[in-house]
Structure formats: structure tokens, C-alpha cells
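K.L.:
My structure is stored as final-v7.csv, with CSV, C-alpha atoms and all ligand atoms.
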chain,number,residue,atom,x,y,z
P,1,MET,CA,-4.4,29.7,2.7
P,2,ASP,CA,-3.9,28.8,-1.0
P,3,PRO,CA,-4.7,25.2,-1.9
P,4,ILE,CA,-1.8,22.9,-2.6
P,5,ARG,CA,-1.6,22.5,-6.4
P,6,ILE,CA,-1.2,18.7,-7.1
P,7,ALA,CA,-0.7,16.5,-10.1
P,8,VAL,CA,-1.7,12.9,-10.2
P,9,VAL,CA,1.0,10.9,-12.0
P,10,GLY,CA,-0.1,7.5,-13.4
P,11,VAL,CA,-3.8,7.6,-14.3
P,12,GLY,CA,-4.8,3.9,-13.8
P,13,LYS,CA,-7.2,2.1,-11.7
P,14,ILE,CA,-6.4,3.5,-8.2
P,15,ALA,CA,-6.0,7.1,-9.5
P,16,ARG,CA,-9.4,7.0,-11.0
P,17,ASP,CA,-11.2,5.0,-8.3
P,18,GLN,CA,-9.7,6.9,-5.3
P,19,HIS,CA,-7.2,9.7,-5.8
P,20,LEU,CA,-9.1,11.9,-8.1
P,21,PRO,CA,-12.3,11.8,-6.0
P,22,ALA,CA,-10.3,12.3,-2.7
P,23,ILE,CA,-8.5,15.3,-4.2
P,24,ALA,CA,-11.8,16.7,-5.5
P,25,GLY,CA,-13.3,16.3,-2.0
P,26,ASN,CA,-10.5,18.1,-0.1
P,27,PRO,CA,-10.3,21.9,-0.3
P,28,ALA,CA,-6.7,21.8,0.8
P,29,PHE,CA,-5.8,20.6,-2.7
P,30,SER,CA,-6.5,21.8,-6.2
P,31,LEU,CA,-5.9,19.3,-9.1
P,32,ALA,CA,-3.4,21.2,-11.4
P,33,ALA,CA,-2.7,18.4,-13.9
P,34,THR,CA,-2.6,14.7,-14.6
P,35,VAL,CA,0.3,12.7,-16.1
P,36,SER,CA,0.2,9.4,-17.8
P,37,PRO,CA,1.9,8.1,-21.0
P,38,HIS,CA,-1.2,6.5,-22.6
P,39,ASP,CA,-4.3,7.4,-20.6
P,40,PRO,CA,-5.8,10.7,-21.7
P,41,GLY,CA,-6.6,11.8,-18.2
P,42,PRO,CA,-10.0,13.2,-17.0
P,43,LYS,CA,-11.7,15.9,-19.1
P,44,GLY,CA,-11.1,19.6,-18.2
P,45,VAL,CA,-7.7,19.1,-16.5
P,46,PRO,CA,-4.3,19.8,-18.2
P,47,HIS,CA,-2.8,16.4,-19.1
P,48,LEU,CA,0.9,15.6,-19.9
P,49,ALA,CA,2.5,12.3,-21.1
P,50,SER,CA,5.4,12.4,-18.7
P,51,LEU,CA,6.6,14.0,-15.4
P,52,ASP,CA,9.5,15.5,-17.4
P,53,GLU,CA,7.0,17.4,-19.6
P,54,LEU,CA,5.0,18.6,-16.6
P,55,ILE,CA,8.1,20.0,-14.9
P,56,GLU,CA,9.5,21.6,-18.1
P,57,SER,CA,6.4,23.0,-19.6
P,58,GLY,CA,3.2,22.2,-17.6
P,59,PRO,CA,1.3,24.1,-15.0
P,60,ALA,CA,3.2,24.8,-11.8
P,61,VAL,CA,2.6,22.2,-9.0
P,62,ASP,CA,3.5,22.0,-5.3
P,63,ALA,CA,2.9,18.3,-5.0
P,64,VAL,CA,2.6,15.0,-6.9
P,65,ALA,CA,0.8,11.8,-6.1
P,66,LEU,CA,2.7,8.9,-7.7
P,67,CYS,CA,0.1,6.3,-8.6
P,68,THR,CA,2.2,4.3,-11.1
P,69,PRO,CA,3.5,0.8,-10.6
P,70,PRO,CA,6.2,0.7,-8.0
P,71,GLN,CA,9.0,-0.1,-10.5
P,72,VAL,CA,9.1,3.4,-11.8
P,73,ARG,CA,8.4,5.3,-8.6
P,74,TYR,CA,12.0,6.0,-7.5
P,75,GLU,CA,13.0,8.0,-10.7
P,76,LEU,CA,9.7,10.0,-10.6
P,77,ALA,CA,10.0,10.8,-6.9
P,78,THR,CA,13.7,11.8,-7.3
P,79,MET,CA,12.7,14.1,-10.2
P,80,ALA,CA,10.0,15.8,-8.1
P,81,LEU,CA,12.0,16.1,-4.9
P,82,LYS,CA,15.0,17.7,-6.8
P,83,ARG,CA,12.5,20.5,-7.8
P,84,GLY,CA,11.2,20.9,-4.2
P,85,ILE,CA,7.9,19.2,-5.1
P,86,HIS,CA,6.2,17.3,-2.2
P,87,VAL,CA,5.6,13.6,-3.0
P,88,PHE,CA,2.8,11.2,-2.1
P,89,LEU,CA,3.9,7.6,-2.8
P,90,GLU,CA,1.2,5.0,-3.3
P,91,LYS,CA,1.8,1.7,-1.7
P,92,PRO,CA,4.2,-0.1,-1.9
P,93,PRO,CA,6.5,3.0,-1.6
P,94,GLY,CA,9.1,1.5,-4.0
P,95,ALA,CA,10.4,-1.6,-5.6
P,96,THR,CA,13.2,-2.0,-3.1
P,97,LEU,CA,13.8,-1.0,0.5
P,98,SER,CA,17.1,0.8,-0.3
P,99,GLU,CA,15.5,3.1,-2.9
P,100,VAL,CA,12.8,4.1,-0.4
P,101,VAL,CA,15.4,4.9,2.3
P,102,ALA,CA,17.4,6.9,-0.3
P,103,LEU,CA,14.2,8.9,-1.1
P,104,ARG,CA,13.5,9.5,2.6
P,105,ASP,CA,17.1,10.8,3.1
P,106,ARG,CA,16.8,13.1,0.0
P,107,ALA,CA,13.5,14.5,1.2
P,108,GLY,CA,15.0,15.2,4.6
P,109,LYS,CA,18.0,17.0,3.1
P,110,VAL,CA,16.0,19.2,0.8
P,111,GLY,CA,13.2,19.9,3.4
P,112,VAL,CA,10.4,18.6,1.2
P,113,THR,CA,7.5,16.3,2.3
P,114,LEU,CA,7.6,12.6,1.4
P,115,PHE,CA,4.6,10.6,2.4
P,116,ALA,CA,4.7,6.8,2.1
P,117,ALA,CA,0.9,6.1,2.1
P,118,TRP,CA,-0.5,2.9,3.6
P,119,HIS,CA,-4.2,3.2,2.7
P,120,SER,CA,-5.3,0.2,4.7
P,121,ARG,CA,-4.1,1.9,7.9
P,122,PHE,CA,-6.9,4.5,7.4
P,123,ALA,CA,-9.6,1.8,7.2
P,124,ALA,CA,-12.3,2.6,9.8
P,125,GLY,CA,-11.6,-0.3,12.1
P,126,VAL,CA,-7.8,0.0,12.3
P,127,ALA,CA,-7.4,2.9,14.8
P,128,PRO,CA,-9.8,1.5,17.3
P,129,ALA,CA,-8.2,-2.0,16.9
P,130,ARG,CA,-4.8,-0.5,17.6
P,131,ALA,CA,-6.1,1.3,20.7
P,132,TRP,CA,-7.9,-1.9,22.0
P,133,LEU,CA,-4.8,-4.1,21.5
P,134,SER,CA,-2.5,-1.7,23.2
P,135,GLU,CA,-3.8,-2.9,26.6
P,136,ARG,CA,-4.0,-6.6,25.8
P,137,ARG,CA,-1.7,-9.6,25.8
P,138,ILE,CA,-1.6,-11.0,22.3
P,139,GLU,CA,-1.7,-14.8,22.1
P,140,LYS,CA,-2.1,-15.6,18.4
P,141,VAL,CA,-2.8,-13.9,15.1
P,142,SER,CA,-4.2,-15.3,11.9
P,143,ILE,CA,-4.4,-13.4,8.6
P,144,VAL,CA,-6.3,-14.7,5.7
P,145,TRP,CA,-6.0,-12.5,2.5
P,146,ARG,CA,-7.5,-14.5,-0.4
P,147,GLU,CA,-8.8,-12.8,-3.5
P,148,ASP,CA,-9.2,-13.5,-7.2
P,149,VAL,CA,-6.4,-11.9,-9.2
P,150,ARG,CA,-8.5,-12.0,-12.4
P,151,VAL,CA,-11.1,-9.8,-10.7
P,152,TRP,CA,-8.8,-7.3,-9.0
P,153,HIS,CA,-5.8,-7.0,-11.3
P,154,PRO,CA,-6.9,-7.9,-14.8
P,155,GLY,CA,-4.2,-7.6,-17.4
P,156,GLN,CA,-1.7,-5.8,-15.0
P,157,ALA,CA,1.5,-7.2,-16.4
P,158,TRP,CA,3.7,-5.1,-14.1
P,159,ILE,CA,2.4,-6.9,-11.0
P,160,TRP,CA,3.9,-10.2,-12.1
P,161,GLU,CA,7.3,-8.7,-12.9
P,162,PRO,CA,10.3,-8.3,-10.4
P,163,GLY,CA,9.4,-5.4,-8.1
P,164,GLY,CA,5.7,-5.9,-8.7
P,165,LEU,CA,5.4,-8.1,-5.6
P,166,GLY,CA,2.7,-10.5,-7.0
P,167,VAL,CA,0.3,-11.6,-4.2
P,168,PHE,CA,2.2,-9.3,-1.8
P,169,ASP,CA,0.7,-6.3,-3.7
P,170,PRO,CA,-2.5,-6.8,-1.8
P,171,GLY,CA,-0.8,-8.8,1.0
P,172,ILE,CA,1.3,-5.7,2.0
P,173,ASN,CA,-2.0,-4.0,3.0
P,174,ALA,CA,-2.5,-6.7,5.6
P,175,LEU,CA,1.1,-6.2,6.8
P,176,SER,CA,0.6,-2.5,7.0
P,177,ILE,CA,-2.3,-3.1,9.3
P,178,LEU,CA,-0.5,-5.8,11.3
P,179,THR,CA,2.6,-3.6,11.9
P,180,HIS,CA,0.3,-0.7,13.0
P,181,ILE,CA,-2.0,-2.5,15.4
P,182,MET,CA,0.5,-4.8,17.1
P,183,PRO,CA,2.0,-3.3,20.3
P,184,ARG,CA,5.3,-5.1,19.8
P,185,ALA,CA,7.7,-5.5,16.8
P,186,VAL,CA,6.9,-8.3,14.4
P,187,PHE,CA,9.4,-10.4,12.4
P,188,LEU,CA,9.3,-13.2,9.9
P,189,LYS,CA,10.3,-16.8,10.8
P,190,SER,CA,9.7,-18.7,7.6
P,191,ALA,CA,7.8,-18.5,4.3
P,192,VAL,CA,6.8,-20.6,1.3
P,193,LEU,CA,6.3,-18.6,-1.9
P,194,SER,CA,4.3,-20.3,-4.7
P,195,ILE,CA,5.4,-18.9,-8.1
P,196,PRO,CA,3.7,-19.8,-11.4
P,197,GLU,CA,6.2,-21.4,-13.7
P,198,ASN,CA,5.6,-18.6,-16.3
P,199,ARG,CA,5.8,-15.6,-13.9
P,200,ALA,CA,8.4,-13.9,-11.7
P,201,ALA,CA,6.3,-13.2,-8.7
P,202,PRO,CA,4.2,-15.4,-6.3
P,203,ILE,CA,0.5,-16.2,-6.7
P,204,ALA,CA,0.3,-17.4,-3.1
P,205,ALA,CA,2.4,-17.3,0.0
P,206,ASP,CA,2.3,-18.9,3.5
P,207,LEU,CA,4.1,-16.9,6.2
P,208,SER,CA,5.0,-17.7,9.8
P,209,LEU,CA,5.9,-14.6,11.8
P,210,CYS,CA,6.0,-13.8,15.5
P,211,ASP,CA,6.2,-10.7,17.7
P,212,THR,CA,8.9,-10.1,20.3
P,213,GLY,CA,6.5,-11.3,23.0
P,214,GLY,CA,6.4,-14.7,21.3
P,215,ALA,CA,2.9,-14.6,19.8
P,216,ASN,CA,2.7,-16.7,16.7
P,217,ILE,CA,1.3,-15.0,13.6
P,218,HIS,CA,0.2,-17.0,10.5
P,219,MET,CA,-0.5,-15.4,7.2
P,220,ASP,CA,-2.3,-17.1,4.3
P,221,LEU,CA,-2.1,-15.1,1.0
P,222,ASP,CA,-3.7,-16.5,-2.1
P,223,TRP,CA,-4.7,-15.0,-5.5
P,224,ARG,CA,-6.5,-18.1,-6.7
P,225,GLN,CA,-9.6,-17.5,-4.6
P,226,THR,CA,-12.9,-17.6,-6.5
P,227,GLY,CA,-16.3,-17.1,-4.7
P,228,PRO,CA,-16.3,-15.2,-1.4
P,229,GLN,CA,-13.1,-13.1,-0.9
P,230,SER,CA,-11.3,-12.8,2.5
P,231,TRP,CA,-9.4,-9.9,3.9
P,232,ASP,CA,-9.4,-10.8,7.6
P,233,ILE,CA,-7.1,-10.4,10.6
P,234,ILE,CA,-8.0,-12.3,13.7
P,235,VAL,CA,-6.2,-11.6,17.0
P,236,GLU,CA,-6.6,-13.8,20.0
P,237,THR,CA,-5.9,-12.0,23.3
P,238,ASP,CA,-6.2,-12.5,27.1
P,239,ALA,CA,-9.4,-10.5,26.8
P,240,GLY,CA,-11.0,-12.3,23.9
P,241,THR,CA,-10.9,-12.2,20.1
P,242,LEU,CA,-10.6,-9.2,17.9
P,243,LYS,CA,-11.5,-9.5,14.2
P,244,LEU,CA,-10.8,-7.0,11.5
P,245,SER,CA,-12.6,-7.9,8.3
P,246,SER,CA,-13.2,-6.4,4.8
P,247,GLY,CA,-9.7,-5.1,4.8
P,248,GLY,CA,-10.0,-3.3,8.1
P,249,ALA,CA,-13.3,-1.7,7.5
P,250,VAL,CA,-15.3,-3.9,10.0
P,251,LEU,CA,-14.1,-4.3,13.6
P,252,SER,CA,-15.5,-7.1,15.8
P,253,LEU,CA,-14.6,-7.0,19.5
P,254,PRO,CA,-16.0,-9.1,22.4
P,255,SER,CA,-18.4,-6.2,23.0
P,256,GLY,CA,-19.8,-6.1,19.5
P,257,THR,CA,-19.2,-5.2,15.8
P,258,GLU,CA,-18.7,-1.8,14.3
P,259,HIS,CA,-19.2,-1.0,10.6
P,260,ASN,CA,-18.0,2.4,9.5
P,261,GLU,CA,-17.9,4.5,6.4
P,262,ASP,CA,-14.8,4.0,4.1
P,263,LEU,CA,-12.6,7.0,4.6
P,264,GLU,CA,-9.2,5.6,3.5
P,265,TYR,CA,-8.2,8.0,0.7
P,266,PRO,CA,-9.9,11.1,2.3
P,267,GLY,CA,-7.8,10.2,5.4
P,268,LEU,CA,-4.6,9.8,3.4
P,269,TYR,CA,-5.1,13.2,1.7
P,270,ALA,CA,-5.9,14.9,5.0
P,271,ARG,CA,-2.7,13.5,6.4
P,272,PHE,CA,-0.7,14.6,3.3
P,273,ALA,CA,-2.0,18.1,3.6
P,274,ASN,CA,-1.0,18.2,7.3
P,275,LEU,CA,2.5,16.9,6.6
P,276,ILE,CA,3.0,19.5,3.9
P,277,ARG,CA,1.7,22.4,6.1
P,278,GLY,CA,3.8,21.2,9.0
P,279,GLY,CA,7.0,20.7,6.9
P,280,ARG,CA,7.2,17.0,7.9
P,281,SER,CA,7.6,13.6,6.2
P,282,ASP,CA,6.1,10.2,7.1
P,283,VAL,CA,8.0,7.2,5.6
P,284,ASP,CA,7.4,3.9,7.4
P,285,ILE,CA,9.1,1.0,5.7
P,286,ASP,CA,8.1,-1.8,8.1
P,287,PRO,CA,5.5,-3.5,5.8
P,288,LEU,CA,7.9,-3.5,2.8
P,289,ARG,CA,10.6,-4.8,5.1
P,290,LEU,CA,8.5,-7.9,6.0
P,291,VAL,CA,7.8,-8.5,2.3
P,292,ALA,CA,11.6,-8.2,1.6
P,293,ASP,CA,12.2,-10.7,4.4
P,294,ALA,CA,9.8,-13.2,2.8
P,295,PHE,CA,11.6,-12.9,-0.5
P,296,LEU,CA,15.0,-13.2,1.4
P,297,ARG,CA,14.1,-16.1,3.6
P,298,GLY,CA,11.2,-17.8,1.8
P,299,ARG,CA,11.3,-21.2,0.1
P,300,ARG,CA,10.2,-21.0,-3.5
P,301,GLU,CA,7.9,-23.7,-5.0
P,302,SER,CA,7.0,-23.7,-8.7
P,303,VAL,CA,3.2,-24.0,-9.4
P,304,ALA,CA,1.0,-24.2,-12.5
P,305,ALA,CA,1.4,-21.4,-15.1
P,306,PHE,CA,-1.0,-18.5,-14.7
P,307,HIS,CA,-2.7,-16.9,-17.8
P,308,ASP,CA,-4.9,-13.9,-17.5
C,1,LIG,P1,-2.7,0.4,-13.1
C,1,LIG,O1,-4.2,0.4,-13.3
C,1,LIG,O2,-1.8,-0.5,-13.9
C,1,LIG,O3,-2.2,1.9,-13.3
C,1,LIG,C1,-0.9,2.4,-13.3
C,1,LIG,C2,-0.8,3.5,-14.3
C,1,LIG,O4,0.6,4.0,-14.2
C,1,LIG,C3,-0.9,3.1,-15.7
C,1,LIG,O5,-2.2,3.4,-16.1
C,1,LIG,C4,0.2,3.8,-16.5
C,1,LIG,O6,-0.4,4.8,-17.3
C,1,LIG,C5,0.9,4.6,-15.4
C,1,LIG,N1,2.3,4.7,-15.6
C,1,LIG,C6,3.2,3.7,-15.8
C,1,LIG,N2,4.4,4.2,-15.9
C,1,LIG,C7,4.3,5.5,-15.8
C,1,LIG,C8,5.3,6.6,-15.8
C,1,LIG,N3,6.6,6.4,-16.0
C,1,LIG,N4,4.8,7.9,-15.7
C,1,LIG,C9,3.5,8.1,-15.5
C,1,LIG,N5,2.6,7.1,-15.4
C,1,LIG,C10,3.0,5.8,-15.6
C,1,LIG,O7,-2.3,0.1,-11.6
C,1,LIG,P2,-3.1,0.5,-10.3
C,1,LIG,O8,-4.0,-0.7,-9.9
C,1,LIG,O9,-3.7,1.8,-10.4
C,1,LIG,O10,-1.9,0.5,-9.2
C,1,LIG,C11,-1.0,1.5,-9.2
C,1,LIG,C12,-0.4,1.5,-7.8
C,1,LIG,O11,-1.4,1.7,-6.8
C,1,LIG,C13,0.3,0.2,-7.4
C,1,LIG,O12,1.5,0.4,-6.6
C,1,LIG,C14,-0.8,-0.5,-6.5
C,1,LIG,O13,-0.2,-1.4,-5.6
C,1,LIG,C15,-1.4,0.7,-5.9
C,1,LIG,N6,-2.8,0.4,-5.4
C,1,LIG,C16,-3.7,-0.2,-6.3
C,1,LIG,C17,-5.0,-0.4,-5.8
C,1,LIG,C18,-6.0,-1.1,-6.7
C,1,LIG,O14,-7.1,-1.4,-6.2
C,1,LIG,N7,-5.8,-1.3,-8.0
C,1,LIG,C19,-5.3,-0.1,-4.5
C,1,LIG,C20,-4.4,0.6,-3.7
C,1,LIG,C21,-3.1,0.8,-4.2
C,1,LIG,P3,-0.8,4.6,-18.9
C,1,LIG,O15,-2.0,3.7,-18.8
C,1,LIG,O16,-1.1,6.0,-19.3
C,1,LIG,O17,0.4,3.9,-19.5
Rewrite the structure from the file as C-alpha cells, please.

P.N.:
Amino acid sequence: MDPIRIAVVGVGKIARDQHLPAIAGNPAFSLAATVSPHDPGPKGVPHLASLDELIESGPAVDAVALCTPPQVRYELATMALKRGIHVFLEKPPGATLSEVVALRDRAGKVGVTLFAAWHSRFAAGVAPARAWLSERRIEKVSIVWREDVRVWHPGQAWIWEPGGLGVFDPGINALSILTHIMPRAVFLKSAVLSIPENRAAPIAADLSLCDTGGANIHMDLDWRQTGPQSWDIIVETDAGTLKLSSGGAVLSLPSGTEHNEDLEYPGLYARFANLIRGGRSDVDIDPLRLVADAFLRGRRESVAAFHD
């Protein structure tokens, strides 16, 4: 079977750190081109400044991975889907829920694969956590996602703009795990969003959620953390405590702790290839819906200005 010719669109941090290596390591794909307005792209690969140019005059591609900020994803995805090109959407899949639903409908109509990727769901501890929790009664959940924005997102102006999600850019990863491992549906009860006086998006958020069985879920998101960073989810059940730490990579159960190799992006590309070969799409909007609910129902408080 011929490899799927793919272009990576948006050559920034995540494209270089994860997408290009994952594509190089998967024989189902061949990297046909990269697209980015300013970045010159990796050596030895055709590079274009825009997706328009790629479609009009670049090498032929079967698929694109959209690794741009979310605010420009809808236009790029629509352009690709109209030409029958399969689309991998980095998280979050769009800047609004309705544009992601519109993309999902379009992909369905034209019979092209659309994959809304949630990389944290492919962290090593997540699948076994989901299996273990499926047989438990959940009593309480605590999520602590605290990191230093200056370390992880230096100079990323888009992340502070409307549609950039602020602290929910990493926080949505926790929500993607939560909505995947919880046996029952989860919904938001209240939220407080702390927004720097010079920015449009929150630097911290405190969320109260619950599941339909009544289990309380608390989420503490903060981008002002210096020193040790936390990406932890603790679930108390009738059979003891489950802890996912390091963003889902490490799983602790009452029977012991498992550390496994990081296979998030290789897992995502294996899934994308399967979806394309099987003529299917996978577009789950649950994590983005919880973020939208936090913006819809959250109380906003103004906090000290943030400067990079
Ligand atoms: P980034 O470093 O700012 O890179 C984004 C790149 O998109 C920029 O380099 C820019 O290219 C390019 N771009 C902007 N508009 C474009 C357009 N219209 N067409 C083509 N390219 C365009 O951001 P990032 O950290 O890689 O994040 C990108 C996405 O990945 C976000 O949704 C983020 O949530 C997600 N993500 C990030 C991480 C992470 O650790 N950083 C992890 C997982 C997922 P030029 O430089 O050429 O202008």
C-alpha cells in the first residue's frame, strides 16, 4: 500500500517537537511538504508559505496535519476538506464549538477523514486508567494542572487572544483525559476565571464539575506555577485511589505504579492512518464543550497584568 502523503501546516513548537518525528517514524506516512508563513521548514522537504500555495502549485498530498494556533484552523481545514484532503486537527480542534461541528458535517458529506486529536488520551496511563475505572464507583476527583507559562509558552501571543484559551490550552488536555476515563458524563457546575488586566484569556481557573452519578470533580488550573510543575488527576473510588501524574504518563493504582514509554504522537498517527484506511472520522468535542461552558458560566475576576 502506498504511504499517505502528508503536509505539516504550521511549523512551530509542536510540529517540530512531535509531529515531524512521529511522521518520520511511521511508514504509513511520507512527509510531502511543510507549510508555514515565516518558518523555513526542515531541510530537504518542499516548503510553502501558505496552504493555498501548496494546493495550487505544491506537491500532491493526501492529508494535512494542522499544527497552527486554533484561531486559523477552520479556514485551513475547510480548504483541505473541499479538495478531498484528509485533516488531522491539533488540539483544541477549533476556536469555537460550532466551527468544529461544521467541519465534522462537511467531512461526513464529502467522505473525507477528519481527526480531532487529543494527544493526552494516548498517554501511557490513560487506557489502563479508563479500564480500571469502568468497574468502580467514583466518589471524588481532583485535578491539579499547574505550570509555568513562561517556560512552556514563551512569546506565544495567540494563546492570550480570544480563541487561544489561555490556561485552558494545557487545561483542555486534562479535560480530554477526564472525559475519556470517567464512566459517566461530566458537566460543569461553576467556575472562576482569573484574567490578567492586559490580556483576553485566563491565566488561572478554578472549576467545579460533577458526573451524572453525583461525584464532585474539582479542577485547579494555574499558569503562575514556578518550581515543580503538576499535571495530576486523582480519582477516589470504592476500591481505593487512582492517580494519573505527569500528564497521564504515570499511573498509580492501589496495586502499584506503572511508568511507561511516551507514545502519544506515534499513537495519534497510528490512529490517523487507521481512520484514513477505514474511511472514517473521529471528532469528539466533549473537552472543548467543557471549556466553552467554563467561559459561558464562569465568573471573571481581573488579576495582575501579565508580561512575558
Ligand atoms: P507555535 O509554536 O506558536 O506554532 C504555531 C505555528 O503556526 C507558528 O510557527 C506559525 O508559523 C504557524 N501558523 C500560524 N498561522 C498559520 C497559517 N495561517 N498557516 C500556516 N501556518 C500558520 O504553537 P505550538 O505550541 O506549536 O501550538 C500549536 C497548536 O498545537 C496549538 O493549538 C497548541 O494547543 C497545540 N499543542 C501545543 C503543544 C506544545 O507543547 N506547544 C502541545 C500539544 C499541542 P510561522 O512561525 O511560520 O509564522

K.L.:
Do you have, as a Markdown table, the list of residues of region 129-240 of chain P lying at most 10 Å from region 244-252 of chain P, each with its nearest atom pair and that distance in Å to one decimal, counting all atoms listed in the file and ordered by chain then number?

P.N.:
| residue | atom | partner | partner_atom | distance |
| --- | --- | --- | --- | --- |
| P:Ala129 | CA | P:Leu251 | CA | 7.1 |
| P:Ile143 | CA | P:Leu244 | CA | 9.5 |
| P:Val144 | CA | P:Ser245 | CA | 9.6 |
| P:Trp145 | CA | P:Gly247 | CA | 8.6 |
| P:Pro170 | CA | P:Gly247 | CA | 9.9 |
| P:Asn173 | CA | P:Gly247 | CA | 8.0 |
| P:Ala174 | CA | P:Gly247 | CA | 7.4 |
| P:Ile177 | CA | P:Gly248 | CA | 7.8 |
| P:Gln229 | CA | P:Ser246 | CA | 8.8 |
| P:Ser230 | CA | P:Ser246 | CA | 7.1 |
| P:Trp231 | CA | P:Gly247 | CA | 4.9 |
| P:Asp232 | CA | P:Ser245 | CA | 4.4 |
| P:Ile233 | CA | P:Leu244 | CA | 5.1 |
| P:Ile234 | CA | P:Leu244 | CA | 6.4 |
| P:Val235 | CA | P:Leu244 | CA | 8.5 |

K.L.:
Could you write out that same residue set with C-alpha atoms as a PDB file, in the frame of the given file?

P.N.:
ATOM      1  CA  ALA P 129      -8.200  -2.000  16.900  1.00  0.00           C
ATOM      2  CA  ILE P 143      -4.400 -13.400   8.600  1.00  0.00           C
ATOM      3  CA  VAL P 144      -6.300 -14.700   5.700  1.00  0.00           C
ATOM      4  CA  TRP P 145      -6.000 -12.500   2.500  1.00  0.00           C
ATOM      5  CA  PRO P 170      -2.500  -6.800  -1.800  1.00  0.00           C
ATOM      6  CA  ASN P 173      -2.000  -4.000   3.000  1.00  0.00           C
ATOM      7  CA  ALA P 174      -2.500  -6.700   5.600  1.00  0.00           C
ATOM      8  CA  ILE P 177      -2.300  -3.100   9.300  1.00  0.00           C
ATOM      9  CA  GLN P 229     -13.100 -13.100  -0.900  1.00  0.00           C
ATOM     10  CA  SER P 230     -11.300 -12.800   2.500  1.00  0.00           C
ATOM     11  CA  TRP P 231      -9.400  -9.900   3.900  1.00  0.00           C
ATOM     12  CA  ASP P 232      -9.400 -10.800   7.600  1.00  0.00           C
ATOM     13  CA  ILE P 233      -7.100 -10.400  10.600  1.00  0.00           C
ATOM     14  CA  ILE P 234      -8.000 -12.300  13.700  1.00  0.00           C
ATOM     15  CA  VAL P 235      -6.200 -11.600  17.000  1.00  0.00           C
TER      16      VAL P 235
END

K.L.:
Separation of atom C8 of ligand LIG 1 (chain C) and CA of Ala117 (chain P), in Å?

P.N.:
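CA of Ala117 (chain P) lies 18.4 Å from atom C8 of ligand LIG 1 (chain C).
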
K.L.:
Taking all atoms listed in the file into account, list the residues no farther than 9 Å from ligand LIG 1 (chain C), as a VMD selection string.

P.N.:
chain P and resid 8 to 18 35 to 41 49 to 51 66 to 73 75 to 76 89 to 94 118 to 120 152 to 159 164 to 165 169 to 170 172 to 173

K.L.:
Of the residues P:Pro59, P:Pro228, P:Pro183, P:Pro196, which is the one nearest to Ala215 (chain P), using all atoms listed in the file?

P.N.:
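Distance minimum relative to Ala215 (chain P) lands on P:Pro183.
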
K.L.:
Hey, what's within 6 Å of Cys210 (chain P) if we count all atoms listed in the file and toss same-chain stuff fewer than 6 positions away? As a PyMOL selection string, please?

P.N.:
chain P and resi 186-187+216-217

K.L.:
Mind pulling up the distance from CA of Glu197 (chain P) to CA of Gly171 (chain P)?

P.N.:
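Straight-line distance from CA of Gly171 (chain P) to CA of Glu197 (chain P) works out to 20.6 Å.
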
K.L.:
To one decimal place, how far is CA of Asp206 (chain P) from CA of Thr226 (chain P) in Å?

P.N.:
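Distance reported for this atom pair: 18.2 Å.
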
K.L.:
Go through P:Val110, P:Glu147, P:Lys140, P:Ala7 and flag the residue nearest Gln225 (chain P), using only C-alpha atoms for the distances.

P.N.:
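For Gln225 (chain P), the nearest of the candidates is P:Glu147.
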
K.L.:
Name the residues, using the chain letters and numbers of the file, that sit within 12 Å of (12.7, -13.6, -0.3) when counting all atoms listed in the file, and give them as a ChimeraX atom specification.

P.N.:
/P:96,162-163,165,168,188-195,201-202,205,207,288-300

K.L.:
Would you list the contacts of Asp282 (chain P) as a list in words, taking every protein, DNA or RNA residue within 7 Å and counting only C-alpha atoms, but skipping same-chain residues closer than 2 positions in sequence?

P.N.:
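Listed by chain and then number, they are Leu114, Phe115, Ala116, Arg280 and Asp284 of chain P.
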
K.L.:
Fewer than 3 positions away in the same chain doesn't count, so skip those; otherwise give me all residues within 7 Å of Val61 (chain P), counting only C-alpha atoms, as a list of chain:residue names.

P.N.:
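Result of the neighbour search: P:Arg5, P:Ile6, P:Ala7, P:Ala32.
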
K.L.:
For Pro27 (chain P), which residue among P:Ile203, P:Ile285, P:Ala270, P:Ile276 is the nearest when counting all atoms listed in the file?

P.N.:
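Among the listed residues, the smallest separation from Pro27 (chain P) belongs to P:Ala270.
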
K.L.:
I need the residue nearest Gly256 (chain P) from this list: P:Leu97, P:Leu242, P:Ala200, P:Leu54. Use all atoms listed in the file for the distance.

P.N.:
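That would be P:Leu242, the residue with the smallest distance to Gly256 (chain P).
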
K.L.:
Compare P:His307, P:Arg199, P:Arg130, P:Arg277 by their minimum atom-to-atom distance to Met1 (chain P), counting all atoms listed in the file, and give me the closest one.

P.N.:
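Counting all atoms listed in the file, the residue closest to Met1 (chain P) is P:Arg277.
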